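**Student:** Take this structure, written in structure tokens, and hold onto it; I'll ask about it next.
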Amino acid sequence: MTARKVAMVLNTLGSGGVPEAALNLASHLPRDRYAPSVFVLKGGVENAALAERFAQADIPLTVASLGDGKIGSIAELVDWLGHGGIDILHSHSYRPILYARMAGAIRRPFGLLTVAHYHNQYDDKWTDPSPALSLERNLAPSTDAFIAVSDNVRAHVARRLDLAAERITVIPNGLTEAKIRPMSRAAARARMGLGADELAIGLSGRVCVQKAQDVMVEAALHLRDTRPEAVVLMVGAPEDADLQARLIARIDAAGATGRIRFCGHMADIATAYAALDILAAPSRWEGFGLMLVEAMAAGLPIVASDAGAIPDVTGDAARIVPVGDPKALAEAIAGVGAEARMAAGQRGLLRARDFTWPAAADRLARLYDALPW
């Protein structure tokens, strides 16, 4: 049998977790049954290294030429789906789930099947009433399968879209092995500009309201009294440049320059994990959190908020604090001594084994198999 053609649709080819997930799922699909390709709605390639990884995995990549992510991209996607003979339209996360399925509705009479893949909670976008929420609910009957990255996201989507939870399949994300590799801790800390006696706390994620770097900054200022050796490293691209600028001004005004650092996007994130003592994840909402699995696989203890899927993903490998509480975050970090860090790290190592991309892709292939062909 000829392999069925799968189009995974992304909003951008940036540094977030969604393109990473699409790449790994597509890479591990059984090629004798499914032939994946990728369509990016917004023009331009923000992450050339990621684009190269798609090429190395033999996954064709098309970026919308108009690049507005709206009507022009929808029209271009409709043509691309038809010319490519696509069998399954698999859209990832908020914007593609809307725009790609509108394109898919036009191709549906020609046999196209659609899959909507939810990677997060969307209460910041699914206000009621709102055009986005109305579109989601109206597109649901013509969607052949729904995927959520966690039980938490499944419950969220079912509740907001008035869907039966049984219609939504949970496929947890996996671990990208290249992000965790053995290396000299001393060398990694030297590359990150860390002294031997400094307590390195890292936050990995785009600089934005969701990832709560503002909460981390305030927690770091609290830590100056209890753990003066603490250094906080914010690793991630500045999605919200204004937020980052405000936080840098706050750090400078507090006299904490050098103790709280914005490192930007790191292609070699493995170096950061090898250098850290603790991962902090104070997110305001989180559908899964790939950085949690990566940190566990690196043997790092985690201090995180109780947002969304975080407690489910981390289990007993994390200390959990309330969302938006910098004092509680600082106290939890200060309370993680060397022995506790080692014990939590061991628990994380064991738990990280549950999250693999081959297992996720196998679940996805079985979901494709069960579509109404």
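We label chains A, B, ... in the order they appear in the structure tokens, count residues from 1 in each chain, and number ligands from 1 in the order shown.
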Counting only C-alpha atoms, what is within 10 Å of segment 312-320 of chain A, bar same-chain residues fewer than 3 positions away, as a ChimeraX atom specification?
**Tutor:** /A:150-152,172,279-282,287-290,292-293,295-296,299-309,323,328-329,332-333,335-336,341,343-352,354-355
**Student:** Write to file, as a compact mmCIF listing (two decimals), in the first residue's frame, the residues of the selection just made, with C-alpha atoms.
**Tutor:**
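Below you can see selection_36.txt, which holds the result:
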```txt
# COMPACT_ATOMS: atom_id res chain seq x y z
CA SER A 150 -1.86 15.88 28.65
CA ASP A 151 -4.94 14.91 30.62
CA ASN A 152 -5.11 18.50 31.82
CA PRO A 172 2.25 13.07 25.74
CA LEU A 279 15.22 24.26 37.12
CA ALA A 280 12.48 26.75 38.00
CA ALA A 281 9.19 26.65 36.09
CA PRO A 282 6.82 29.29 37.52
CA GLY A 287 -0.22 22.34 28.67
CA PHE A 288 2.78 20.05 29.03
CA GLY A 289 6.20 21.69 29.35
CA LEU A 290 8.96 19.99 27.37
CA LEU A 292 10.24 19.70 32.52
CA VAL A 293 11.01 16.37 30.85
CA ALA A 295 15.30 18.81 33.14
CA MET A 296 14.26 15.49 34.65
CA GLY A 299 18.86 14.82 36.65
CA LEU A 300 17.83 18.31 37.76
CA PRO A 301 15.47 18.96 40.67
CA ILE A 302 12.52 21.16 39.73
CA VAL A 303 10.66 23.89 41.58
CA ALA A 304 7.50 24.74 39.68
CA SER A 305 4.07 26.28 39.89
CA ASP A 306 0.92 24.19 40.13
CA ALA A 307 -0.22 25.44 36.71
CA GLY A 308 -1.96 23.13 34.28
CA ALA A 309 -0.18 19.86 33.56
CA VAL A 323 1.01 30.22 40.56
CA ALA A 328 6.80 30.90 47.82
CA LEU A 329 8.97 30.18 44.78
CA ALA A 332 11.04 26.51 47.87
CA ILE A 333 14.27 27.08 45.93
CA GLY A 335 14.91 24.93 50.79
CA VAL A 336 16.40 22.58 48.20
CA ARG A 341 18.68 18.07 44.90
CA ALA A 343 17.19 12.75 45.56
CA ALA A 344 14.84 14.79 43.38
CA GLY A 345 17.21 14.44 40.45
CA GLN A 346 17.16 10.65 40.77
CA ARG A 347 13.36 10.63 40.85
CA GLY A 348 13.31 12.80 37.75
CA LEU A 349 15.68 10.50 35.88
CA LEU A 350 13.33 7.58 36.47
CA ARG A 351 10.23 9.57 35.54
CA ALA A 352 11.74 10.94 32.31
CA ASP A 354 8.11 7.49 30.49
CA PHE A 355 8.35 10.21 27.82
```
**Student:** For the interface of segment 135-155 of chain A with segment 364-371 of chain A (cut-off 12 Å, counting only C-alpha atoms), please tabulate each contacting residue of segment 135-155 of chain A alongside its nearest pair of atoms and their separation in Å to one decimal, rows sorted by chain and increasing number, as a tab-separated table.
**Tutor:**
```
residue	atom	partner	partner_atom	distance
A:Thr143	CA	A:Leu371	CA	10.5
A:Asp144	CA	A:Leu371	CA	6.7
A:Ala145	CA	A:Leu371	CA	7.4
A:Phe146	CA	A:Leu367	CA	9.5
A:Ile147	CA	A:Leu364	CA	8.9
A:Ala148	CA	A:Leu364	CA	11.3
A:Val149	CA	A:Leu364	CA	11.5
```
**Student:** From segment 115-315 of chain A, collect each residue whose DSSP state is alpha helix (DSSP H) and return the set as number ranges by chain.
**Tutor:** A: 131-139, 151-161, 185-191, 213-226, 241-253, 269-275, 290-297, 310-314
**Student:** Between atom CA of Gly16 of chain A and atom CA of Arg33 of chain A, what is the distance, to one decimal in Å?
**Tutor:** 28.2 Å
**Student:** Using only C-alpha atoms for the distances, tell me which of A:Pro228, A:Gly202, A:Gly85, A:Pro358 is nearest to Phe262 of chain A.
**Tutor:**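 Ranked by minimum distance to Phe262 of chain A, first place goes to A:Gly202.
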**Student:** Could you list, as a VMD selection string, every residue within 10 Å of Leu41 of chain A, counting only C-alpha atoms and ignoring same-chain residues fewer than 4 positions away?
**Tutor:** chain A and resid 9 to 13 62 to 70 72 to 74 76 to 77 95 to 96 99 to 100
**Student:** Those same residues, written as an mmCIF file, in the first residue's frame with C-alpha atoms?
**Tutor:**
```cif
data_model
loop_
_atom_site.group_PDB
_atom_site.id
_atom_site.type_symbol
_atom_site.label_atom_id
_atom_site.label_comp_id
_atom_site.auth_asym_id
_atom_site.auth_seq_id
_atom_site.Cartn_x
_atom_site.Cartn_y
_atom_site.Cartn_z
ATOM 1 C CA VAL A 9 0.722 22.593 9.855
ATOM 2 C CA LEU A 10 2.615 24.978 12.131
ATOM 3 C CA ASN A 11 2.237 28.678 12.794
ATOM 4 C CA THR A 12 5.961 29.497 12.735
ATOM 5 C CA LEU A 13 9.268 27.688 12.586
ATOM 6 C CA THR A 62 6.970 24.571 2.841
ATOM 7 C CA VAL A 63 6.705 28.126 4.186
ATOM 8 C CA ALA A 64 3.774 30.283 3.058
ATOM 9 C CA SER A 65 5.083 32.871 0.631
ATOM 10 C CA LEU A 66 2.624 35.578 1.650
ATOM 11 C CA GLY A 67 3.536 35.133 5.277
ATOM 12 C CA ASP A 68 0.596 36.986 6.851
ATOM 13 C CA GLY A 69 -0.698 33.892 8.613
ATOM 14 C CA LYS A 70 -4.265 34.781 7.651
ATOM 15 C CA GLY A 72 -3.428 34.655 2.091
ATOM 16 C CA SER A 73 -1.872 31.722 3.910
ATOM 17 C CA ILE A 74 -5.200 29.886 4.068
ATOM 18 C CA GLU A 76 -2.060 29.119 -0.290
ATOM 19 C CA LEU A 77 -2.556 26.135 2.012
ATOM 20 C CA ARG A 95 -3.599 29.473 15.134
ATOM 21 C CA PRO A 96 -3.038 26.507 12.783
ATOM 22 C CA TYR A 99 -6.677 28.462 9.919
ATOM 23 C CA ALA A 100 -5.624 25.031 8.707
#
```
**Student:** Show me, as an mmCIF file with N, CA, C and O atoms, in the first residue's frame, the residues that have an atom within 12 Å of Arg284 of chain A when counting only C-alpha atoms, minus same-chain residues fewer than 4 positions from it.
**Tutor:**
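Result file is part_15.cif:
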```
data_model
loop_
_atom_site.group_PDB
_atom_site.id
_atom_site.type_symbol
_atom_site.label_atom_id
_atom_site.label_comp_id
_atom_site.auth_asym_id
_atom_site.auth_seq_id
_atom_site.Cartn_x
_atom_site.Cartn_y
_atom_site.Cartn_z
ATOM 1 N N ASN A 120 -1.616 23.230 24.503
ATOM 2 C CA ASN A 120 -1.626 24.144 25.640
ATOM 3 C C ASN A 120 -3.054 24.431 26.066
ATOM 4 O O ASN A 120 -4.016 23.951 25.449
ATOM 5 N N GLN A 121 -3.181 25.226 27.105
ATOM 6 C CA GLN A 121 -4.474 25.793 27.487
ATOM 7 C C GLN A 121 -4.616 27.138 26.787
ATOM 8 O O GLN A 121 -3.626 27.849 26.591
ATOM 9 N N TYR A 122 -5.849 27.495 26.423
ATOM 10 C CA TYR A 122 -6.053 28.686 25.605
ATOM 11 C C TYR A 122 -7.084 29.640 26.205
ATOM 12 O O TYR A 122 -7.774 30.354 25.483
ATOM 13 N N ASP A 123 -7.181 29.674 27.531
ATOM 14 C CA ASP A 123 -8.145 30.580 28.149
ATOM 15 C C ASP A 123 -7.811 32.032 27.864
ATOM 16 O O ASP A 123 -8.691 32.897 27.923
ATOM 17 N N ASP A 124 -6.537 32.324 27.553
ATOM 18 C CA ASP A 124 -6.184 33.702 27.209
ATOM 19 C C ASP A 124 -6.713 34.086 25.837
ATOM 20 O O ASP A 124 -6.819 35.263 25.511
ATOM 21 N N CYS A 208 7.818 35.549 28.057
ATOM 22 C CA CYS A 208 6.418 35.903 27.806
ATOM 23 C C CYS A 208 5.646 35.786 29.113
ATOM 24 O O CYS A 208 6.145 35.254 30.109
ATOM 25 N N VAL A 209 4.423 36.265 29.100
ATOM 26 C CA VAL A 209 3.577 36.231 30.299
ATOM 27 C C VAL A 209 3.375 34.808 30.773
ATOM 28 O O VAL A 209 3.406 34.531 31.984
ATOM 29 N N GLN A 210 3.166 33.870 29.850
ATOM 30 C CA GLN A 210 2.903 32.483 30.237
ATOM 31 C C GLN A 210 4.034 31.905 31.081
ATOM 32 O O GLN A 210 3.791 31.269 32.111
ATOM 33 N N LYS A 211 5.288 32.091 30.655
ATOM 34 C CA LYS A 211 6.420 31.460 31.335
ATOM 35 C C LYS A 211 6.812 32.176 32.624
ATOM 36 O O LYS A 211 7.618 31.666 33.403
ATOM 37 N N ALA A 212 6.254 33.377 32.850
ATOM 38 C CA ALA A 212 6.347 34.076 34.146
ATOM 39 C C ALA A 212 7.770 34.434 34.560
ATOM 40 O O ALA A 212 8.145 34.271 35.719
ATOM 41 N N GLN A 213 8.547 34.966 33.625
ATOM 42 C CA GLN A 213 9.877 35.448 34.005
ATOM 43 C C GLN A 213 9.790 36.584 35.021
ATOM 44 O O GLN A 213 10.712 36.767 35.822
ATOM 45 N N ASP A 214 8.672 37.325 35.008
ATOM 46 C CA ASP A 214 8.512 38.394 35.997
ATOM 47 C C ASP A 214 8.434 37.830 37.409
ATOM 48 O O ASP A 214 8.995 38.399 38.357
ATOM 49 N N VAL A 215 7.752 36.703 37.573
ATOM 50 C CA VAL A 215 7.691 36.047 38.880
ATOM 51 C C VAL A 215 9.079 35.559 39.286
ATOM 52 O O VAL A 215 9.481 35.674 40.446
ATOM 53 N N MET A 216 9.825 35.040 38.328
ATOM 54 C CA MET A 216 11.171 34.549 38.614
ATOM 55 C C MET A 216 12.086 35.673 39.057
ATOM 56 O O MET A 216 12.910 35.498 39.968
ATOM 57 N N GLY A 289 4.927 21.180 28.843
ATOM 58 C CA GLY A 289 6.195 21.694 29.346
ATOM 59 C C GLY A 289 7.355 20.771 29.016
ATOM 60 O O GLY A 289 7.801 19.992 29.860
ATOM 61 N N ALA A 304 8.431 24.295 40.708
ATOM 62 C CA ALA A 304 7.501 24.742 39.675
ATOM 63 C C ALA A 304 6.171 25.155 40.275
ATOM 64 O O ALA A 304 5.822 24.784 41.405
ATOM 65 N N SER A 305 5.416 25.897 39.481
ATOM 66 C CA SER A 305 4.070 26.276 39.886
ATOM 67 C C SER A 305 3.113 25.103 39.699
ATOM 68 O O SER A 305 3.434 24.114 39.037
ATOM 69 N N ASP A 306 1.937 25.240 40.268
ATOM 70 C CA ASP A 306 0.918 24.193 40.133
ATOM 71 C C ASP A 306 0.020 24.432 38.920
ATOM 72 O O ASP A 306 -1.120 23.996 38.875
ATOM 73 N N ALA A 307 0.567 25.093 37.897
ATOM 74 C CA ALA A 307 -0.222 25.445 36.713
ATOM 75 C C ALA A 307 -0.429 24.242 35.809
ATOM 76 O O ALA A 307 0.506 23.489 35.513
ATOM 77 N N GLY A 308 -1.659 24.076 35.337
ATOM 78 C CA GLY A 308 -1.962 23.126 34.279
ATOM 79 C C GLY A 308 -1.436 21.735 34.526
ATOM 80 O O GLY A 308 -1.658 21.102 35.556
ATOM 81 N N ALA A 309 -0.661 21.242 33.546
ATOM 82 C CA ALA A 309 -0.182 19.863 33.564
ATOM 83 C C ALA A 309 1.117 19.674 34.339
ATOM 84 O O ALA A 309 1.600 18.540 34.446
ATOM 85 N N ILE A 310 1.681 20.728 34.892
ATOM 86 C CA ILE A 310 2.995 20.609 35.524
ATOM 87 C C ILE A 310 3.034 19.533 36.609
ATOM 88 O O ILE A 310 3.929 18.669 36.604
ATOM 89 N N VAL A 321 4.637 24.991 43.939
ATOM 90 C CA VAL A 321 4.229 26.206 44.653
ATOM 91 C C VAL A 321 3.053 26.841 43.913
ATOM 92 O O VAL A 321 2.798 26.519 42.754
ATOM 93 N N PRO A 322 2.322 27.731 44.559
ATOM 94 C CA PRO A 322 1.192 28.376 43.882
ATOM 95 C C PRO A 322 1.628 29.237 42.702
ATOM 96 O O PRO A 322 2.728 29.805 42.698
ATOM 97 N N VAL A 323 0.762 29.348 41.709
ATOM 98 C CA VAL A 323 1.012 30.225 40.561
ATOM 99 C C VAL A 323 1.128 31.677 41.034
ATOM 100 O O VAL A 323 0.360 32.126 41.888
ATOM 101 N N GLY A 324 2.094 32.392 40.471
ATOM 102 C CA GLY A 324 2.184 33.832 40.708
ATOM 103 C C GLY A 324 2.617 34.229 42.096
ATOM 104 O O GLY A 324 2.319 35.342 42.537
ATOM 105 N N ASP A 325 3.355 33.371 42.806
ATOM 106 C CA ASP A 325 3.769 33.654 44.183
ATOM 107 C C ASP A 325 5.300 33.638 44.257
ATOM 108 O O ASP A 325 5.905 32.602 44.538
ATOM 109 N N PRO A 326 5.953 34.781 44.017
ATOM 110 C CA PRO A 326 7.421 34.793 43.993
ATOM 111 C C PRO A 326 8.047 34.456 45.336
ATOM 112 O O PRO A 326 9.109 33.824 45.381
#
```
**Student:** Pick the closest to His265 of chain A from A:Gly14, A:Ile59, A:Pro141, A:Gly337: which is it, counting only C-alpha atoms?
**Tutor:**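 Selected residue with least distance to His265 of chain A: A:Gly14.
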**Student:** When DSSP works through the backbone of this structure, what residues of segment 186-217 of chain A end up as strand (DSSP E or B), shown as an mmCIF file with N, CA and C atoms, in the first residue's frame?
**Tutor:**
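Generated file (out03.cif):
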```
data_model
loop_
_atom_site.group_PDB
_atom_site.id
_atom_site.type_symbol
_atom_site.label_atom_id
_atom_site.label_comp_id
_atom_site.auth_asym_id
_atom_site.auth_seq_id
_atom_site.Cartn_x
_atom_site.Cartn_y
_atom_site.Cartn_z
ATOM 1 N N LEU A 199 25.049 28.951 43.079
ATOM 2 C CA LEU A 199 23.857 28.111 42.938
ATOM 3 C C LEU A 199 23.137 28.558 41.673
ATOM 4 N N ALA A 200 23.169 27.734 40.631
ATOM 5 C CA ALA A 200 22.630 28.125 39.322
ATOM 6 C C ALA A 200 21.193 27.655 39.179
ATOM 7 N N ILE A 201 20.286 28.606 39.038
ATOM 8 C CA ILE A 201 18.863 28.324 38.867
ATOM 9 C C ILE A 201 18.482 28.758 37.467
ATOM 10 N N GLY A 202 17.862 27.871 36.710
ATOM 11 C CA GLY A 202 17.515 28.189 35.330
ATOM 12 C C GLY A 202 16.031 28.184 35.085
ATOM 13 N N LEU A 203 15.587 29.090 34.216
ATOM 14 C CA LEU A 203 14.227 29.080 33.693
ATOM 15 C C LEU A 203 14.361 28.961 32.184
ATOM 16 N N SER A 204 13.786 27.908 31.614
ATOM 17 C CA SER A 204 13.895 27.673 30.182
ATOM 18 C C SER A 204 12.549 27.898 29.516
#
```
**Student:** Rank nothing, just name the residue among A:Leu276, A:Leu112, A:Ala298, A:Ala196 nearest to Ala178 of chain A, using only C-alpha atoms.
**Tutor:**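 Closest to Ala178 of chain A, using only C-alpha atoms: A:Ala298.
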**Student:** Mind giving me the straight-line distance from atom CA of Pro238 of chain A to atom CA of Ala21 of chain A in Å, one decimal?
**Tutor:**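 Computed distance, atom CA of Pro238 of chain A to atom CA of Ala21 of chain A, equals 20.4 Å.
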**Student:** Restricting the calculation to only C-alpha atoms: of A:Lys327, A:Arg137, A:Arg167, A:His28, which residue gets closest to Ala220 of chain A?
**Tutor:**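 Of A:Lys327, A:Arg137, A:Arg167, A:His28, the one nearest Ala220 of chain A is A:Lys327, counting only C-alpha atoms.
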**Student:** Which is closer to Arg224 of chain A than all the others in A:Gly174, A:Pro109, A:Gly82, A:Gly255, using only C-alpha atoms?
**Tutor:**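 Using only C-alpha atoms, Arg224 of chain A sits closest to A:Gly255.
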**Student:** Have a look at atom CA of Pro36 of chain A and atom CA of Ile269 of chain A and let me know their distance in Å, one decimal.
**Tutor:** 26.6 Å
